[in-house]
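Structure file query_33.cif; described as mmCIF, C-alpha atoms.
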data_input
loop_
_atom_site.group_PDB
_atom_site.id
_atom_site.type_symbol
_atom_site.label_atom_id
_atom_site.label_comp_id
_atom_site.auth_asym_id
_atom_site.auth_seq_id
_atom_site.Cartn_x
_atom_site.Cartn_y
_atom_site.Cartn_z
ATOM 1 C CA MET X 1 -6.550 15.384 5.713
ATOM 2 C CA THR X 2 -5.115 15.256 2.189
ATOM 3 C CA GLU X 3 -1.636 14.093 1.276
ATOM 4 C CA THR X 4 -0.691 17.723 0.579
ATOM 5 C CA ASP X 5 -1.811 18.771 4.043
ATOM 6 C CA LYS X 6 0.061 15.896 5.667
ATOM 7 C CA ASN X 7 3.299 17.259 4.226
ATOM 8 C CA ILE X 8 2.927 20.343 6.415
ATOM 9 C CA ASP X 9 3.521 19.303 9.999
ATOM 10 C CA LYS X 10 2.642 21.480 12.968
ATOM 11 C CA LEU X 11 6.113 22.955 13.317
ATOM 12 C CA THR X 12 6.243 23.940 9.647
ATOM 13 C CA LEU X 13 2.750 25.419 9.831
ATOM 14 C CA ILE X 14 3.636 27.491 12.878
ATOM 15 C CA ASP X 15 6.923 28.600 11.298
ATOM 16 C CA ASN X 16 5.107 29.663 8.104
ATOM 17 C CA TRP X 17 2.630 31.666 10.144
ATOM 18 C CA GLN X 18 5.358 33.346 12.164
ATOM 19 C CA GLN X 19 7.245 34.275 9.003
ATOM 20 C CA VAL X 20 4.121 35.841 7.462
ATOM 21 C CA LYS X 21 3.470 37.787 10.663
ATOM 22 C CA LYS X 22 7.072 39.004 10.650
ATOM 23 C CA GLN X 23 6.780 40.079 7.007
ATOM 24 C CA MET X 24 3.547 41.911 7.786
ATOM 25 C CA MET X 25 5.007 43.721 10.793
ATOM 26 C CA GLN X 26 8.094 44.755 8.828
ATOM 27 C CA ALA X 27 5.874 46.128 6.062
ATOM 28 C CA TYR X 28 3.958 48.230 8.578
ATOM 29 C CA GLU X 29 7.185 49.498 10.149
ATOM 30 C CA GLN X 30 8.519 50.614 6.763
ATOM 31 C CA ALA X 31 5.258 51.992 5.334
ATOM 32 C CA PRO X 32 4.740 55.746 4.831
ATOM 33 C CA LYS X 33 3.544 57.118 8.166
ATOM 34 C CA LYS X 34 0.694 59.104 6.597
ATOM 35 C CA ALA X 35 -0.874 55.944 5.163
ATOM 36 C CA VAL X 36 -0.058 53.228 7.662
ATOM 37 C CA ALA X 37 -2.840 51.740 9.769
ATOM 38 C CA PRO X 38 -2.803 52.302 13.556
ATOM 39 C CA ILE X 39 -1.036 49.594 15.549
ATOM 40 C CA ASP X 40 -4.282 48.370 17.111
ATOM 41 C CA ASN X 41 -5.933 48.027 13.696
ATOM 42 C CA ARG X 42 -3.612 45.657 11.842
ATOM 43 C CA LEU X 43 -4.958 42.176 11.210
ATOM 44 C CA LEU X 44 -3.662 39.045 9.556
ATOM 45 C CA LEU X 45 -6.481 36.963 8.118
ATOM 46 C CA ALA X 46 -5.363 33.341 7.747
ATOM 47 C CA VAL X 47 -7.262 31.982 4.741
ATOM 48 C CA SER X 48 -7.918 28.378 5.688
ATOM 49 C CA LYS X 49 -10.139 27.226 2.828
ATOM 50 C CA THR X 50 -9.638 23.541 1.885
ATOM 51 C CA LYS X 51 -7.523 23.032 5.001
ATOM 52 C CA PRO X 52 -8.631 20.826 7.902
ATOM 53 C CA ALA X 53 -9.878 22.007 11.276
ATOM 54 C CA GLU X 54 -6.754 20.565 12.919
ATOM 55 C CA MET X 55 -4.570 23.115 11.136
ATOM 56 C CA VAL X 56 -6.864 25.950 12.186
ATOM 57 C CA ALA X 57 -6.764 24.694 15.780
ATOM 58 C CA THR X 58 -2.950 24.577 15.731
ATOM 59 C CA LEU X 59 -2.687 28.240 14.739
ATOM 60 C CA ALA X 60 -5.503 29.300 17.056
ATOM 61 C CA LYS X 61 -3.585 27.758 19.946
ATOM 62 C CA GLU X 62 -0.573 29.877 18.940
ATOM 63 C CA GLY X 63 -2.669 33.054 19.017
ATOM 64 C CA GLN X 64 -4.024 33.490 15.479
ATOM 65 C CA CYS X 65 -7.608 34.703 15.889
ATOM 66 C CA HIS X 66 -8.961 35.597 12.437
ATOM 67 C CA PHE X 67 -9.634 32.910 9.821
ATOM 68 C CA GLY X 68 -11.170 33.304 6.360
ATOM 69 C CA GLU X 69 -13.278 30.720 4.557
ATOM 70 C CA ASN X 70 -14.621 30.659 0.983
ATOM 71 C CA TYR X 71 -16.655 27.464 0.904
ATOM 72 C CA LEU X 72 -19.711 27.572 3.112
ATOM 73 C CA GLN X 73 -20.411 23.919 3.933
ATOM 74 C CA GLU X 74 -16.736 23.161 4.516
ATOM 75 C CA ALA X 75 -16.517 26.214 6.777
ATOM 76 C CA ILE X 76 -19.586 25.258 8.813
ATOM 77 C CA GLU X 77 -18.082 21.822 9.451
ATOM 78 C CA LYS X 78 -14.898 23.439 10.798
ATOM 79 C CA ILE X 79 -16.780 26.000 12.874
ATOM 80 C CA THR X 80 -18.928 23.264 14.395
ATOM 81 C CA ALA X 81 -15.969 20.964 15.034
ATOM 82 C CA LEU X 82 -13.938 23.685 16.768
ATOM 83 C CA LYS X 83 -16.750 25.286 18.736
ATOM 84 C CA GLY X 84 -16.418 22.841 21.595
ATOM 85 C CA GLN X 85 -12.627 22.944 21.739
ATOM 86 C CA PRO X 86 -10.665 25.420 23.868
ATOM 87 C CA GLU X 87 -8.760 26.596 20.770
ATOM 88 C CA GLY X 88 -12.007 27.407 19.003
ATOM 89 C CA LYS X 89 -13.433 29.807 21.546
ATOM 90 C CA GLY X 90 -11.396 32.824 20.435
ATOM 91 C CA ILE X 91 -11.676 32.303 16.688
ATOM 92 C CA VAL X 92 -13.222 35.089 14.599
ATOM 93 C CA TRP X 93 -14.634 33.659 11.373
ATOM 94 C CA HIS X 94 -14.699 35.683 8.139
ATOM 95 C CA TYR X 95 -16.720 34.664 5.103
ATOM 96 C CA ILE X 96 -14.776 35.675 1.992
ATOM 97 C CA GLY X 97 -16.554 33.667 -0.705
ATOM 98 C CA SER X 98 -19.294 34.611 -3.134
ATOM 99 C CA ILE X 99 -22.780 34.931 -1.643
ATOM 100 C CA GLN X 100 -25.890 33.472 -3.234
ATOM 101 C CA ARG X 101 -29.324 34.078 -1.762
ATOM 102 C CA ASN X 102 -29.667 30.504 -0.541
ATOM 103 C CA LYS X 103 -26.463 30.886 1.530
ATOM 104 C CA THR X 104 -27.359 33.965 3.532
ATOM 105 C CA ARG X 105 -29.029 32.269 6.496
ATOM 106 C CA ASP X 106 -26.101 29.942 7.181
ATOM 107 C CA ILE X 107 -23.632 32.810 6.768
ATOM 108 C CA ALA X 108 -25.629 35.051 9.104
ATOM 109 C CA GLU X 109 -25.825 32.304 11.728
ATOM 110 C CA HIS X 110 -22.210 31.099 11.711
ATOM 111 C CA PHE X 111 -19.856 33.952 10.821
ATOM 112 C CA ASP X 112 -18.574 37.055 12.614
ATOM 113 C CA TRP X 113 -17.579 38.935 9.462
ATOM 114 C CA VAL X 114 -18.624 38.985 5.808
ATOM 115 C CA GLN X 115 -16.120 40.571 3.424
ATOM 116 C CA THR X 116 -17.899 40.062 0.117
ATOM 117 C CA LEU X 117 -21.095 42.095 0.373
ATOM 118 C CA GLU X 118 -21.902 43.685 -2.973
ATOM 119 C CA ARG X 119 -25.710 43.978 -3.248
ATOM 120 C CA ASP X 120 -28.495 45.430 -1.144
ATOM 121 C CA ILE X 121 -30.698 42.342 -1.500
ATOM 122 C CA ILE X 122 -27.961 40.221 0.107
ATOM 123 C CA ALA X 123 -27.424 42.822 2.830
ATOM 124 C CA LYS X 124 -31.130 42.769 3.670
ATOM 125 C CA ARG X 125 -31.219 38.996 3.883
ATOM 126 C CA LEU X 126 -28.124 38.862 6.105
ATOM 127 C CA ASN X 127 -29.676 41.507 8.351
ATOM 128 C CA ASP X 128 -33.036 39.773 8.598
ATOM 129 C CA GLN X 129 -31.468 36.357 9.220
ATOM 130 C CA ARG X 130 -28.855 37.406 11.783
ATOM 131 C CA PRO X 131 -29.861 35.722 15.084
ATOM 132 C CA ALA X 132 -30.985 38.142 17.775
ATOM 133 C CA ASP X 133 -28.682 36.576 20.376
ATOM 134 C CA LEU X 134 -25.564 37.366 18.311
ATOM 135 C CA PRO X 135 -23.937 40.786 17.936
ATOM 136 C CA PRO X 136 -24.436 42.613 14.628
ATOM 137 C CA LEU X 137 -22.641 40.991 11.712
ATOM 138 C CA ASN X 138 -19.507 42.897 10.671
ATOM 139 C CA VAL X 139 -19.575 43.522 6.928
ATOM 140 C CA LEU X 140 -17.207 44.851 4.302
ATOM 141 C CA ILE X 141 -18.322 45.992 0.873
ATOM 142 C CA GLN X 142 -16.394 44.218 -1.850
ATOM 143 C CA LEU X 143 -15.406 46.713 -4.534
ATOM 144 C CA ASN X 144 -14.736 45.703 -8.106
ATOM 145 C CA ILE X 145 -12.183 48.472 -8.178
ATOM 146 C CA ASP X 146 -10.941 47.724 -11.714
ATOM 147 C CA ASP X 147 -14.359 46.893 -13.252
ATOM 148 C CA GLU X 148 -13.303 43.387 -14.247
ATOM 149 C CA ASP X 149 -15.914 41.078 -15.740
ATOM 150 C CA SER X 150 -14.327 38.122 -13.969
ATOM 151 C CA LYS X 151 -14.543 39.694 -10.508
ATOM 152 C CA SER X 152 -17.430 40.138 -8.116
ATOM 153 C CA GLY X 153 -18.026 43.398 -6.303
ATOM 154 C CA CYS X 154 -19.819 46.694 -6.233
ATOM 155 C CA LEU X 155 -18.564 49.279 -8.717
ATOM 156 C CA PRO X 156 -17.204 52.492 -7.181
ATOM 157 C CA ALA X 157 -20.092 54.493 -8.680
ATOM 158 C CA GLN X 158 -22.560 52.200 -6.876
ATOM 159 C CA LEU X 159 -20.869 52.553 -3.499
ATOM 160 C CA PRO X 160 -22.842 55.543 -2.103
ATOM 161 C CA GLU X 161 -26.200 53.902 -2.730
ATOM 162 C CA LEU X 162 -25.140 50.621 -1.153
ATOM 163 C CA ILE X 163 -23.711 52.369 1.909
ATOM 164 C CA THR X 164 -26.987 54.239 2.401
ATOM 165 C CA ALA X 165 -28.907 50.960 2.239
ATOM 166 C CA ILE X 166 -26.654 49.125 4.699
ATOM 167 C CA LYS X 167 -26.841 51.982 7.184
ATOM 168 C CA GLY X 168 -30.527 51.180 7.570
ATOM 169 C CA TYR X 169 -29.907 47.632 8.806
ATOM 170 C CA ASP X 170 -29.446 47.390 12.561
ATOM 171 C CA ARG X 171 -28.163 43.795 12.512
ATOM 172 C CA LEU X 172 -25.216 44.742 10.275
ATOM 173 C CA GLN X 173 -22.141 46.730 11.285
ATOM 174 C CA LEU X 174 -20.510 48.335 8.249
ATOM 175 C CA ARG X 175 -16.741 48.265 8.776
ATOM 176 C CA GLY X 176 -15.122 49.173 5.446
ATOM 177 C CA LEU X 177 -14.012 47.901 2.043
ATOM 178 C CA MET X 178 -12.408 44.814 0.513
ATOM 179 C CA ILE X 179 -10.789 44.504 -2.919
ATOM 180 C CA ILE X 180 -9.075 41.946 -5.132
ATOM 181 C CA PRO X 181 -7.337 44.212 -7.667
ATOM 182 C CA ALA X 182 -6.257 43.377 -11.177
ATOM 183 C CA LYS X 183 -2.650 42.216 -11.179
ATOM 184 C CA ALA X 184 -1.633 44.784 -13.787
ATOM 185 C CA ASN X 185 -3.221 47.749 -12.021
ATOM 186 C CA THR X 186 -0.706 49.275 -9.668
ATOM 187 C CA ASP X 187 -2.844 52.140 -8.356
ATOM 188 C CA ALA X 188 -5.867 50.102 -7.222
ATOM 189 C CA PHE X 189 -4.810 50.189 -3.578
ATOM 190 C CA ALA X 190 -4.344 53.960 -3.607
ATOM 191 C CA ARG X 191 -7.724 54.518 -5.302
ATOM 192 C CA THR X 192 -9.445 52.278 -2.771
ATOM 193 C CA LYS X 193 -7.798 54.099 0.109
ATOM 194 C CA ALA X 194 -9.018 57.406 -1.333
ATOM 195 C CA LEU X 195 -12.582 56.074 -1.562
ATOM 196 C CA PHE X 196 -12.323 54.767 1.988
ATOM 197 C CA GLU X 197 -11.314 58.216 3.254
ATOM 198 C CA GLU X 198 -14.078 59.894 1.238
ATOM 199 C CA VAL X 199 -16.665 57.685 2.928
ATOM 200 C CA LYS X 200 -15.196 58.423 6.351
ATOM 201 C CA LEU X 201 -15.514 62.155 5.731
ATOM 202 C CA SER X 202 -18.994 62.059 4.219
ATOM 203 C CA HIS X 203 -20.424 59.585 6.756
ATOM 204 C CA PRO X 204 -19.106 60.540 10.210
ATOM 205 C CA GLU X 205 -21.981 58.553 11.701
ATOM 206 C CA LEU X 206 -20.234 55.323 10.612
ATOM 207 C CA SER X 207 -18.328 55.013 13.878
ATOM 208 C CA ALA X 208 -17.020 51.521 13.071
ATOM 209 C CA TRP X 209 -15.710 52.422 9.589
ATOM 210 C CA ASP X 210 -12.127 51.261 10.209
ATOM 211 C CA THR X 211 -11.191 48.356 7.924
ATOM 212 C CA LEU X 212 -9.474 48.112 4.551
ATOM 213 C CA SER X 213 -9.064 44.464 3.575
ATOM 214 C CA MET X 214 -6.560 44.444 0.739
ATOM 215 C CA GLY X 215 -3.366 42.621 0.002
ATOM 216 C CA MET X 216 -2.376 38.971 -0.147
ATOM 217 C CA SER X 217 0.927 37.086 -0.155
ATOM 218 C CA GLY X 218 2.267 38.623 -3.359
ATOM 219 C CA ASP X 219 1.220 42.246 -2.844
ATOM 220 C CA MET X 220 1.052 42.590 0.944
ATOM 221 C CA THR X 221 3.720 45.279 1.188
ATOM 222 C CA GLU X 222 2.178 47.490 -1.494
ATOM 223 C CA ALA X 223 -1.251 47.153 0.100
ATOM 224 C CA ILE X 224 0.093 48.082 3.540
ATOM 225 C CA ASP X 225 1.932 51.056 2.029
ATOM 226 C CA ASN X 226 -1.471 52.294 0.872
ATOM 227 C CA GLY X 227 -3.317 51.901 4.152
ATOM 228 C CA SER X 228 -4.464 48.282 4.327
ATOM 229 C CA THR X 229 -5.554 47.256 7.813
ATOM 230 C CA MET X 230 -6.103 43.576 7.004
ATOM 231 C CA VAL X 231 -4.133 41.267 4.722
ATOM 232 C CA ARG X 232 -5.482 37.898 3.584
ATOM 233 C CA VAL X 233 -2.888 35.110 3.389
ATOM 234 C CA GLY X 234 -3.508 31.449 2.647
ATOM 235 C CA THR X 235 -0.872 29.477 0.742
ATOM 236 C CA ALA X 236 2.127 31.130 2.429
ATOM 237 C CA ILE X 237 0.785 29.900 5.763
ATOM 238 C CA PHE X 238 -0.996 26.631 5.005
ATOM 239 C CA GLY X 239 0.863 25.445 1.939
ATOM 240 C CA THR X 240 -0.423 24.585 -1.512
ATOM 241 C CA ARG X 241 -4.144 23.942 -1.690
ATOM 242 C CA SER X 242 -5.446 20.511 -2.591
#

Could you write out this structure as structure tokens?
Amino acid sequence: MTETDKNIDKLTLIDNWQQVKKQMMQAYEQAPKKAVAPIDNRLLLAVSKTKPAEMVATLAKEGQCHFGENYLQEAIEKITALKGQPEGKGIVWHYIGSIQRNKTRDIAEHFDWVQTLERDIIAKRLNDQRPADLPPLNVLIQLNIDDEDSKSGCLPAQLPELITAIKGYDRLQLRGLMIIPAKANTDAFARTKALFEEVKLSHPELSAWDTLSMGMSGDMTEAIDNGSTMVRVGTAIFGTRS
């Protein structure tokens, strides 16, 4: 555990988490009713990258189920360490980092969700490498909604083709979209929500199409106002990263 992590004791960690949950619930309560996600489809993803397994275990014991990791080897160490602990049994692990071809097998074997799918070749590898004794891997398509050179993701124009490809993979369960919008673009959430609804209408066979992962600490309320079902929060819960 780093010196930074040591400065956040268990009580502070739990209090941070409770405050973020409270902020999230208040945002849903005040959001426009036509856009707000159903009560049973509102998730807080605690982004635990660079933080030790002990901190994850503390929040899991309090009832936090969903954790997001960016760095594969670090994540596998945490997943392995917590697998045998009572707190680890209910954890749902989300991979939210970039995906290279040489990472797909480990991701397919260790994670419950992948939020950063952007190419068919990666989808095929995840499908082929998903162990038969595990349920299908939940996947979100990452959209580069603002066409930024610095961001990963499928462009909106490429979305239909990628959806068609993923539908053909029986070891993947396509759940929705994820975005990291440009800070200056205030309508990115609304445009993503519109695309999400277009897909729902044009692909009624996607029975599990139910997730919009958008919004972090600084823009959570705006994202929820525009239909986000999952917000990703790290620093506000775990403190400053090492």

| query | Any chance you could work out the residue set of the PyMOL selection byres ((chain X and resi 102) around 12) here, as a list in words? | reply | Leu72, Ser98, Ile99, Gln100, Arg101, Lys103, Thr104, Arg105, Asp106, Ile107, Ala108, Ile121, Ile122, Arg125, Leu126 and Gln129 of chain X

| request: Name the residues that the PyMOL selection byres ((chain X and resi 47-58) around 8) picks from the file above, as a PyMOL selection string, using the file's chain letters and numbers. | output: chain X and resi 1+5+10+13-14+45-46+59-62+67-71+74-75+78+81-82+87-88+232-235+238+241-242

Emit the selected residues as a PDB file, keeping the file's coordinate frame, including C-alpha atoms.
ATOM      1  CA  MET X   1      -6.550  15.384   5.713  1.00  0.00           C
ATOM      2  CA  ASP X   5      -1.811  18.771   4.043  1.00  0.00           C
ATOM      3  CA  LYS X  10       2.642  21.480  12.968  1.00  0.00           C
ATOM      4  CA  LEU X  13       2.750  25.419   9.831  1.00  0.00           C
ATOM      5  CA  ILE X  14       3.636  27.491  12.878  1.00  0.00           C
ATOM      6  CA  LEU X  45      -6.481  36.963   8.118  1.00  0.00           C
ATOM      7  CA  ALA X  46      -5.363  33.341   7.747  1.00  0.00           C
ATOM      8  CA  LEU X  59      -2.687  28.240  14.739  1.00  0.00           C
ATOM      9  CA  ALA X  60      -5.503  29.300  17.056  1.00  0.00           C
ATOM     10  CA  LYS X  61      -3.585  27.758  19.946  1.00  0.00           C
ATOM     11  CA  GLU X  62      -0.573  29.877  18.940  1.00  0.00           C
ATOM     12  CA  PHE X  67      -9.634  32.910   9.821  1.00  0.00           C
ATOM     13  CA  GLY X  68     -11.170  33.304   6.360  1.00  0.00           C
ATOM     14  CA  GLU X  69     -13.278  30.720   4.557  1.00  0.00           C
ATOM     15  CA  ASN X  70     -14.621  30.659   0.983  1.00  0.00           C
ATOM     16  CA  TYR X  71     -16.655  27.464   0.904  1.00  0.00           C
ATOM     17  CA  GLU X  74     -16.736  23.161   4.516  1.00  0.00           C
ATOM     18  CA  ALA X  75     -16.517  26.214   6.777  1.00  0.00           C
ATOM     19  CA  LYS X  78     -14.898  23.439  10.798  1.00  0.00           C
ATOM     20  CA  ALA X  81     -15.969  20.964  15.034  1.00  0.00           C
ATOM     21  CA  LEU X  82     -13.938  23.685  16.768  1.00  0.00           C
ATOM     22  CA  GLU X  87      -8.760  26.596  20.770  1.00  0.00           C
ATOM     23  CA  GLY X  88     -12.007  27.407  19.003  1.00  0.00           C
ATOM     24  CA  ARG X 232      -5.482  37.898   3.584  1.00  0.00           C
ATOM     25  CA  VAL X 233      -2.888  35.110   3.389  1.00  0.00           C
ATOM     26  CA  GLY X 234      -3.508  31.449   2.647  1.00  0.00           C
ATOM     27  CA  THR X 235      -0.872  29.477   0.742  1.00  0.00           C
ATOM     28  CA  PHE X 238      -0.996  26.631   5.005  1.00  0.00           C
ATOM     29  CA  ARG X 241      -4.144  23.942  -1.690  1.00  0.00           C
ATOM     30  CA  SER X 242      -5.446  20.511  -2.591  1.00  0.00           C
TER      31      SER X 242
END

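Take the PyMOL selection byres ((chain X and resi 179) around 10) and apply it to this file: it picks X:Gln115, X:Thr116, X:Leu140, X:Ile141, X:Gln142, X:Leu143, X:Asn144, X:Ile145, X:Asp146, X:Lys151, X:Ser152, X:Gly153, X:Cys154, X:Leu177, X:Met178, X:Ile180, X:Pro181, X:Ala182, X:Ala188, X:Phe189, X:Thr192, X:Leu212, X:Ser213, X:Met214, X:Gly215.
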
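Note that atom CA of X:Leu162 and atom CA of X:Trp113 are 17.5 Å apart.
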
| request: Mind giving me the straight-line distance from atom CA of X:Trp209 to atom CA of X:Gly176 in Å, one decimal? | output: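 Between atom CA of X:Trp209 and atom CA of X:Gly176 the gap works out to 5.3 Å.
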
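Between atom CA of X:Asn226 and atom CA of X:Glu29 lies a distance of 13.0 Å.
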
Grab all the atoms of stretch 34-40 of chain X that the file lists, wrap them in a box along x, y and z, add 8 Å per side, and give me centre plus edge lengths in Å (one decimal) as AutoDock Vina command-line options.
--center_x -1.8 --center_y 53.7 --center_z 11.1 --size_x 21.0 --size_y 26.7 --size_z 27.9

| field | Shell of 9 Å around X:Ala190, all atoms listed in the file, local chain residues under 3 positions omitted, as a VMD selection string | value | chain X and resid 186 to 187 193 to 195 223 225 to 227

| field | Proximity to X:Ile237 - best of X:Asp128, X:Phe196, X:Arg119, X:Met216, all atoms listed in the file | value | X:Met216

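Nearest-residue note for X:Ile96: choosing from X:Ala31, X:Ala236, X:Val139, X:Ile8, the minimum distance belongs to X:Val139, counting all atoms listed in the file.
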
| field | Spatial neighbours of X:Leu174, 10 Å, all atoms listed in the file, chain gap at least 5 places, as a VMD selection string | value | chain X and resid 113 to 114 136 to 141 163 166 to 167 169 206 to 211

Let's have the selection written as a compact mmCIF listing (two decimals), in the coordinates of the input, with C-alpha atoms.
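Once written, again.txt looks like this:
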# COMPACT_ATOMS: atom_id res chain seq x y z
CA TRP X 113 -17.58 38.94 9.46
CA VAL X 114 -18.62 38.98 5.81
CA PRO X 136 -24.44 42.61 14.63
CA LEU X 137 -22.64 40.99 11.71
CA ASN X 138 -19.51 42.90 10.67
CA VAL X 139 -19.58 43.52 6.93
CA LEU X 140 -17.21 44.85 4.30
CA ILE X 141 -18.32 45.99 0.87
CA ILE X 163 -23.71 52.37 1.91
CA ILE X 166 -26.65 49.12 4.70
CA LYS X 167 -26.84 51.98 7.18
CA TYR X 169 -29.91 47.63 8.81
CA LEU X 206 -20.23 55.32 10.61
CA SER X 207 -18.33 55.01 13.88
CA ALA X 208 -17.02 51.52 13.07
CA TRP X 209 -15.71 52.42 9.59
CA ASP X 210 -12.13 51.26 10.21
CA THR X 211 -11.19 48.36 7.92
